[in-house]
$ cat coords_1.txt   # compact mmCIF, C-alpha atoms
# COMPACT_ATOMS: atom_id res chain seq x y z
CA MET A 922 -77.34 -15.46 -72.89
CA PRO A 923 -73.89 -13.98 -73.52
CA HIS A 924 -70.88 -15.77 -72.11
CA SER A 925 -70.03 -14.78 -68.52
CA PRO A 926 -66.24 -14.32 -68.17
CA THR A 927 -66.40 -14.56 -64.36
CA ALA A 928 -68.61 -17.66 -64.04
CA SER A 929 -65.65 -20.01 -63.67
CA LEU A 930 -63.56 -17.68 -61.46
CA PRO A 931 -63.32 -17.81 -57.65
CA ALA A 932 -66.17 -16.04 -55.83
CA ILE A 933 -65.63 -12.72 -54.06
CA ALA A 934 -67.71 -13.05 -50.92
CA GLY A 935 -67.21 -12.50 -47.22
CA ALA A 936 -67.60 -10.04 -44.37
CA GLY A 937 -65.28 -7.44 -45.96
CA VAL A 938 -66.20 -7.19 -49.60
CA THR A 939 -68.53 -8.96 -52.00
CA ALA A 940 -68.78 -8.76 -55.77
CA VAL A 941 -71.15 -10.15 -58.35
CA GLU A 942 -71.22 -9.84 -62.09
CA ALA A 943 -74.27 -7.74 -62.88
CA PRO A 944 -76.82 -9.03 -65.36
CA LEU A 945 -76.32 -7.67 -68.87
CA TRP A 946 -77.47 -4.04 -69.01
CA GLY A 947 -78.19 -1.89 -72.02
CA LYS A 948 -75.44 0.69 -72.50
CA LEU A 949 -75.41 3.60 -74.91
CA VAL A 950 -72.49 5.96 -75.40
CA LEU A 951 -73.85 9.44 -76.13
CA ARG A 952 -71.78 12.18 -77.76
CA LEU A 953 -73.86 15.35 -77.65
CA ASP A 954 -73.38 19.08 -78.14
CA GLY A 955 -75.61 21.62 -76.39
CA GLU A 956 -78.64 21.38 -78.68
CA ALA A 957 -78.47 17.57 -78.88
CA ARG A 958 -78.20 17.40 -75.10
CA ARG A 959 -81.34 19.50 -74.61
CA ARG A 960 -83.26 17.32 -77.07
CA THR A 961 -82.05 14.12 -75.35
CA GLU A 962 -83.23 15.41 -71.99
CA ALA A 963 -86.66 16.19 -73.44
CA ALA A 964 -86.97 12.87 -75.30
CA LEU A 965 -85.87 10.61 -72.42
CA HIS A 966 -87.04 12.71 -69.43
CA ILE A 967 -83.60 12.51 -67.83
CA ALA A 968 -81.18 15.24 -66.78
CA ILE A 969 -77.85 14.83 -68.58
CA PRO A 970 -75.20 15.66 -65.96
CA GLU A 971 -73.14 18.69 -66.93
CA ARG A 972 -70.82 18.76 -63.92
CA PRO A 973 -67.78 16.49 -64.40
CA LEU A 974 -67.69 13.16 -62.50
CA THR A 975 -71.39 13.17 -61.64
CA SER A 976 -74.36 11.00 -62.58
CA THR A 977 -78.13 11.22 -62.71
CA GLU A 978 -80.93 8.69 -62.44
CA ALA A 979 -84.36 8.61 -64.02
CA GLN A 980 -86.90 6.03 -65.07
CA VAL A 981 -85.07 5.32 -68.31
CA GLY A 982 -81.84 4.46 -66.47
CA VAL A 983 -78.63 5.91 -65.10
CA CYS A 984 -76.62 8.56 -66.97
CA LEU A 985 -72.88 8.69 -66.22
CA TRP A 986 -70.62 11.63 -67.12
CA LEU A 987 -67.61 10.35 -69.10
CA GLY A 988 -66.32 13.58 -70.61
CA PRO A 989 -67.42 17.14 -71.39
CA ASP A 990 -69.49 15.96 -74.38
CA GLU A 991 -69.70 12.24 -73.63
CA TRP A 992 -72.01 10.17 -71.44
CA LEU A 993 -72.89 6.53 -70.78
CA LEU A 994 -76.59 5.78 -70.48
CA VAL A 995 -77.26 2.50 -68.68
CA THR A 996 -80.72 1.00 -69.20
CA ALA A 997 -82.44 -2.35 -68.96
CA VAL A 998 -80.99 -4.57 -71.67
CA ASP A 999 -84.25 -4.93 -73.59
CA MET A 1000 -84.71 -1.14 -73.65
CA ALA A 1001 -81.41 -0.12 -75.26
CA GLY A 1002 -82.54 -0.61 -78.85
CA GLU A 1003 -85.78 1.26 -78.32
CA VAL A 1004 -84.06 4.15 -76.52
CA ALA A 1005 -81.49 4.39 -79.33
CA SER A 1006 -84.29 4.56 -81.93
CA ARG A 1007 -86.07 7.27 -79.96
CA LEU A 1008 -82.83 9.26 -79.76
CA ASP A 1009 -82.12 8.85 -83.47
CA ALA A 1010 -85.52 10.39 -84.20
CA ALA A 1011 -85.16 13.17 -81.61
CA LEU A 1012 -81.60 14.10 -82.62
CA ALA A 1013 -82.07 14.17 -86.41
CA GLY A 1014 -80.12 17.09 -87.85
CA THR A 1015 -77.97 17.70 -84.76
CA HIS A 1016 -74.28 16.94 -84.26
CA HIS A 1017 -74.35 13.75 -82.20
CA ALA A 1018 -73.45 10.07 -81.90
CA VAL A 1019 -75.42 7.33 -80.16
CA VAL A 1020 -73.62 3.96 -80.04
CA ASP A 1021 -74.99 0.79 -78.47
CA VAL A 1022 -72.12 -0.75 -76.48
CA SER A 1023 -74.23 -3.09 -74.35
CA HIS A 1024 -72.04 -6.09 -75.14
CA ARG A 1025 -68.69 -4.27 -75.09
CA THR A 1026 -68.53 -3.74 -71.34
CA LEU A 1027 -69.92 -5.62 -68.41
CA ALA A 1028 -70.37 -4.54 -64.84
CA PHE A 1029 -69.40 -5.86 -61.42
CA ARG A 1030 -71.44 -4.77 -58.44
CA LEU A 1031 -69.28 -4.41 -55.34
CA ALA A 1032 -70.32 -3.84 -51.76
CA GLY A 1033 -69.20 -4.42 -48.18
CA PRO A 1034 -67.53 -2.40 -45.42
CA LYS A 1035 -64.07 -2.84 -47.01
CA VAL A 1036 -65.05 -2.29 -50.63
CA ARG A 1037 -62.96 0.89 -50.85
CA ASP A 1038 -59.89 -1.00 -49.63
CA ALA A 1039 -60.40 -3.68 -52.25
CA LEU A 1040 -60.62 -1.07 -55.02
CA ALA A 1041 -57.67 0.89 -53.65
CA ALA A 1042 -55.48 -2.17 -54.18
CA GLY A 1043 -55.47 -1.34 -57.88
CA CYS A 1044 -57.04 2.06 -58.34
CA PRO A 1045 -55.18 5.39 -57.85
CA LEU A 1046 -58.29 7.45 -57.04
CA ASP A 1047 -59.02 8.93 -53.63
CA LEU A 1048 -62.09 6.88 -52.73
CA HIS A 1049 -62.73 8.45 -49.32
CA PRO A 1050 -66.40 9.53 -49.05
CA SER A 1051 -65.31 13.16 -48.75
CA ALA A 1052 -63.56 12.97 -52.13
CA PHE A 1053 -65.81 10.41 -53.81
CA PRO A 1054 -69.37 11.12 -52.64
CA PRO A 1055 -72.46 9.11 -53.70
CA GLY A 1056 -73.27 9.50 -57.37
CA THR A 1057 -69.64 10.09 -58.36
CA VAL A 1058 -68.44 8.45 -61.57
CA ALA A 1059 -64.86 8.30 -62.83
CA ARG A 1060 -62.98 6.55 -65.57
CA THR A 1061 -59.70 5.35 -64.14
CA LEU A 1062 -57.45 2.30 -63.86
CA LEU A 1063 -57.69 -0.95 -61.94
CA GLY A 1064 -54.22 -2.40 -62.10
CA LYS A 1065 -53.45 -2.14 -65.80
CA VAL A 1066 -56.96 -2.00 -67.26
CA GLY A 1067 -59.28 0.96 -67.75
CA ILE A 1068 -62.52 0.91 -65.76
CA THR A 1069 -65.48 3.18 -65.16
CA LEU A 1070 -66.28 3.38 -61.47
CA HIS A 1071 -69.68 4.57 -60.27
CA LEU A 1072 -70.65 4.92 -56.63
CA ARG A 1073 -74.40 4.50 -56.50
CA ARG A 1074 -76.67 6.88 -54.64
CA ASP A 1075 -76.80 4.61 -51.57
CA GLY A 1076 -73.14 5.55 -51.00
CA SER A 1077 -72.02 1.97 -50.39
CA THR A 1078 -72.47 0.04 -53.67
CA PHE A 1079 -69.98 0.48 -56.49
CA ASP A 1080 -70.72 -0.44 -60.10
CA LEU A 1081 -67.46 -1.18 -61.91
CA TYR A 1082 -67.69 -1.23 -65.71
CA VAL A 1083 -64.91 -2.99 -67.56
CA ASP A 1084 -64.39 -4.05 -71.16
CA ARG A 1085 -65.45 -7.67 -71.65
CA SER A 1086 -62.00 -8.98 -72.61
CA PHE A 1087 -60.45 -7.36 -69.50
CA ALA A 1088 -63.11 -8.70 -67.13
CA ASP A 1089 -61.11 -11.79 -66.20
CA TYR A 1090 -58.09 -9.64 -65.22
CA ALA A 1091 -60.20 -7.14 -63.26
CA TRP A 1092 -62.06 -9.87 -61.38
CA ARG A 1093 -58.87 -11.70 -60.43
CA HIS A 1094 -57.33 -8.40 -59.30
CA LEU A 1095 -60.30 -7.75 -57.00
CA GLU A 1096 -60.40 -11.34 -55.83
CA LEU A 1097 -56.76 -11.21 -54.76
CA ALA A 1098 -57.37 -8.00 -52.78
CA ALA A 1099 -60.60 -9.36 -51.29
CA ARG A 1100 -58.92 -12.59 -50.15
CA GLU A 1101 -56.95 -10.63 -47.55
CA LEU A 1102 -59.87 -8.35 -46.61
CA ASN A 1103 -62.32 -11.22 -46.21
CA GLY A 1104 -59.89 -13.12 -44.00
CA MET B 1428 -45.33 9.99 -59.01
CA LEU B 1429 -46.65 13.25 -60.40
CA LEU B 1430 -50.07 14.59 -59.51
CA ILE B 1431 -51.56 16.07 -62.69
CA THR B 1432 -54.64 18.28 -62.66
CA CYS B 1433 -56.94 17.53 -65.57
CA PRO B 1434 -59.00 20.66 -66.36
CA TRP B 1435 -62.11 18.44 -66.33
CA CYS B 1436 -61.45 15.75 -63.70
CA GLY B 1437 -59.19 17.50 -61.19
CA PRO B 1438 -56.00 16.07 -59.67
CA ARG B 1439 -55.21 12.53 -60.80
CA ALA B 1440 -52.28 10.15 -60.70
CA GLU B 1441 -49.65 10.33 -63.44
CA ILE B 1442 -50.37 6.78 -64.65
CA GLU B 1443 -53.75 7.94 -66.01
CA PHE B 1444 -52.00 10.30 -68.45
CA ARG B 1445 -49.84 10.31 -71.55
CA CYS B 1446 -47.60 13.22 -72.50
CA GLY B 1447 -48.08 14.43 -76.07
CA GLY B 1448 -44.94 16.55 -76.42
CA GLU B 1449 -44.59 20.27 -76.96
CA ALA B 1450 -47.77 22.34 -77.21
CA HIS B 1451 -48.77 25.20 -79.50
CA ILE B 1452 -47.08 23.87 -82.65
CA ALA B 1453 -49.08 25.23 -85.57
CA ARG B 1454 -49.19 23.23 -88.79
CA PRO B 1455 -47.97 25.36 -91.70
CA ASP B 1456 -50.16 25.96 -94.74
CA PRO B 1457 -49.20 23.21 -97.25
CA ALA B 1458 -49.85 25.60 -100.14
CA THR B 1459 -47.16 28.06 -99.10
CA ALA B 1460 -44.86 26.26 -96.62
CA SER B 1461 -41.17 25.97 -97.50
CA ASP B 1462 -38.94 23.01 -96.65
CA ALA B 1463 -37.59 25.06 -93.74
CA ASP B 1464 -41.15 25.58 -92.43
CA TRP B 1465 -41.77 21.83 -92.53
CA GLU B 1466 -38.47 21.13 -90.81
CA ARG B 1467 -39.43 23.50 -87.97
CA TYR B 1468 -42.90 21.96 -87.74
CA LEU B 1469 -41.82 18.32 -87.80
CA PHE B 1470 -38.46 18.19 -86.08
CA LEU B 1471 -37.43 21.29 -84.14
CA ARG B 1472 -38.49 21.53 -80.51
CA GLU B 1473 -37.67 23.89 -77.65
CA ASN B 1474 -36.35 21.10 -75.39
CA ALA B 1475 -36.13 23.72 -72.69
CA LYS B 1476 -34.30 23.37 -69.42
CA GLY B 1477 -36.91 25.06 -67.26
CA VAL B 1478 -40.50 25.90 -68.02
CA THR B 1479 -41.95 24.07 -71.00
CA LEU B 1480 -45.47 23.95 -72.42
CA GLU B 1481 -46.75 20.47 -73.18
CA ARG B 1482 -49.85 18.65 -74.34
CA TRP B 1483 -51.15 15.97 -72.01
CA TRP B 1484 -53.83 13.37 -72.64
CA HIS B 1485 -56.07 12.04 -69.85
CA VAL B 1486 -56.19 8.68 -71.60
CA HIS B 1487 -57.46 6.64 -68.62
CA GLY B 1488 -59.95 9.31 -67.53
CA CYS B 1489 -62.11 11.67 -69.56
CA ARG B 1490 -59.89 11.03 -72.62
CA ARG B 1491 -59.44 14.75 -73.29
CA TRP B 1492 -56.28 16.56 -74.35
CA PHE B 1493 -55.17 19.65 -72.46
CA ASN B 1494 -52.09 21.82 -72.00
CA ALA B 1495 -49.75 21.99 -69.05
CA ALA B 1496 -46.73 24.07 -68.09
CA ARG B 1497 -44.01 22.02 -66.45
CA ASP B 1498 -40.59 22.92 -65.15
CA THR B 1499 -38.27 20.23 -66.53
CA THR B 1500 -35.68 20.80 -63.81
CA THR B 1501 -38.00 20.44 -60.81
CA GLU B 1502 -40.92 18.44 -62.30
CA GLU B 1503 -43.20 21.12 -60.86
CA PHE B 1504 -46.42 21.78 -62.78
CA LEU B 1505 -47.09 25.53 -62.97
CA ALA B 1506 -50.39 25.64 -64.85
CA PHE B 1507 -53.02 23.55 -66.58
CA TYR B 1508 -55.26 24.98 -69.28
CA ARG B 1509 -57.64 23.65 -71.89
CA MET B 1510 -56.95 23.02 -75.55
CA GLY B 1511 -57.34 26.16 -77.64
CA GLU B 1512 -56.55 28.47 -74.72
CA PRO B 1513 -53.35 30.55 -74.58
CA PRO B 1514 -50.89 29.99 -71.72
CA PRO B 1515 -51.90 31.92 -68.57
CA ALA B 1516 -50.60 35.50 -68.54
CA THR B 1517 -48.61 34.84 -65.36
CA LEU B 1518 -46.52 32.31 -67.27
CA ARG B 1519 -45.78 34.35 -70.35
CA ALA B 1520 -43.39 36.67 -68.52
CA ARG B 1521 -41.54 33.67 -67.12
CA LEU B 1522 -41.33 32.11 -70.57
CA GLY B 1523 -40.05 35.33 -72.10
CA ARG B 1524 -42.66 35.34 -74.88
$ encode --input "coords_1.txt" --output "structure tokens"
Amino acid sequence: MPHSPTASLPAIAGAGVTAVEAPLWGKLVLRLDGEARRRTEAALHIAIPERPLTSTEAQVGVCLWLGPDEWLLVTAVDMAGEVASRLDAALAGTHHAVVDVSHRTLAFRLAGPKVRDALAAGCPLDLHPSAFPPGTVARTLLGKVGITLHLRRDGSTFDLYVDRSFADYAWRHLELAARELNG
Amino acid sequence: MLLITCPWCGPRAEIEFRCGGEAHIARPDPATASDADWERYLFLRENAKGVTLERWWHVHGCRRWFNAARDTTTEEFLAFYRMGEPPPATLRARLGR
């Protein structure tokens, strides 16, 4: 098992907001042009979201829009290698990049009635449901570190992806905000 | 704080961006460029008081570069447009080019 940077940090739990470090997931960064995107969709049976700041889900995993030709595919950790091999075969000859970053970032799963307040303590985005509906994904800042924020389809659970070496900072930032919100 | 509209992500806070200086500076052809051409390319900038065209980088968002027109006297953004696109026609009259 990889080292957990948050294992020794104070818990974030209470009536307002809770957070847990997610188990290690498989993560692939996909850089695809039009033809490579069509072939990826056919090979993995998943729609690659074209509209900015949106995400899609399929059996293979969750696909997050990161940029106009860039996506993050989140899978079960033991599937990442196999999915990458399938893509390498399907994308041969096209202009593309598939990079396994499973161990580069980790994820916190946040929930609770005051989860938006906890995030807003360090994040400049408008997180109101009217501006940040379920399925929305955005790369942004939490305090001084870059994060990828994904509101899952249930509309109440956030997955926050952060680079491993910044995880300690991000967790402590959230913990400080949650301390007030959890009373 | 400035609110900057990324052509891909929409309006975002200034802290997500970096300014990349003046836009539309074409690199001269090394085979034919004179010393004066290189001087213009490397060192000479408009430094306008008023409307200026700049490159901005959404470094803490989609990580894409784009262009913006900003009035340096009022900090008002007048237009945002993608890399490779010319400035909007409505701006060209105001810029006098």
$ closest_residue --input "coords_1.txt" --among "B:Phe1507, B:Tyr1468, B:Trp1492, B:Phe1444" --to "Leu1480 in chain B" --atoms "all atoms listed in the file"
B:Phe1507
$ closest_residue --input "coords_1.txt" --among "A:Ser1006, A:Gln980, A:Thr975, A:Asn1103" --to "chain B" --atoms "all atoms listed in the file"
A:Thr975
$ closest_residue --input "coords_1.txt" --among "A:Gly1064, A:Pro973, A:Gly982, A:Gly1104" --to "chain B" --atoms "all atoms listed in the file"
A:Pro973
$ residues_around --input "coords_1.txt" --residues "Glu942 in chain A" --least-positions-apart "3" --cutoff "8 Å" --atoms "only C-alpha atoms" --output "compact mmCIF listing (two decimals) with C-alpha atoms, in the coordinates of the input"
# COMPACT_ATOMS: atom_id res chain seq x y z
CA THR A 927 -66.40 -14.56 -64.36
CA LEU A 1027 -69.92 -5.62 -68.41
CA ALA A 1028 -70.37 -4.54 -64.84
CA PHE A 1029 -69.40 -5.86 -61.42
CA ARG A 1030 -71.44 -4.77 -58.44
$ residues_around --input "coords_1.txt" --residues "Asp1080 in chain A" --least-positions-apart "5" --cutoff "12 Å" --atoms "only C-alpha atoms" --output "ChimeraX atom specification"
/A:939-944,946,983,985,995,1026-1032,1036,1040,1055-1060,1068-1075
$ residues_around --input "coords_1.txt" --residues "Val1020 in chain A" --least-positions-apart "3" --cutoff "7 Å" --atoms "only C-alpha atoms" --output "VMD selection string"
chain A and resid 949 to 951
$ atom_distance --input "coords_1.txt" --atom1 "CA of Asp1089 in chain A" --atom2 "CA of Pro1054 in chain A"
27.9 Å
$ interface_residues --input "coords_1.txt" --of "chain B" --to "chain A" --cutoff "10 Å" --atoms "all atoms listed in the file" --output "list in words"
Pro1434, Trp1435, Cys1436, Gly1437, Pro1438, Arg1439, Ala1440, Glu1441, Ile1442, Glu1443, His1485, Val1486, His1487, Gly1488, Cys1489, Arg1490 and Arg1491 of chain B
$ atom_distance --input "coords_1.txt" --atom1 "CA of Arg959 in chain A" --atom2 "CA of His1016 in chain A"
12.2 Å
$ atom_distance --input "coords_1.txt" --atom1 "CA of Phe1493 in chain B" --atom2 "CA of Tyr1508 in chain B"
6.2 Å
$ residues_around --input "coords_1.txt" --residues "Glu1503 in chain B" --least-positions-apart "2" --cutoff "12 Å" --atoms "all atoms listed in the file" --output "VMD selection string"
chain B and resid 1428 to 1432 1477 to 1479 1495 to 1501 1505 to 1507
$ closest_residue --input "coords_1.txt" --among "A:Val981, A:Ala968, A:Leu1048, A:Val1083" --to "Val1022 in chain A" --atoms "all atoms listed in the file"
A:Val1083
$ axis_aligned_box --input "coords_1.txt" --around "range 1492-1497 of chain B" --padding-each-side "5 Å" --output "AutoDock Vina command-line options"
--center_x -50.1 --center_y 20.3 --center_z -70.4 --size_x 22.3 --size_y 17.5 --size_z 17.9
$ residues_around --input "coords_1.txt" --residues "Ile969 in chain A" --least-positions-apart "3" --cutoff "9 Å" --atoms "all atoms listed in the file" --output "ChimeraX atom specification"
/A:958-959,961-962,976-977,984-986,992
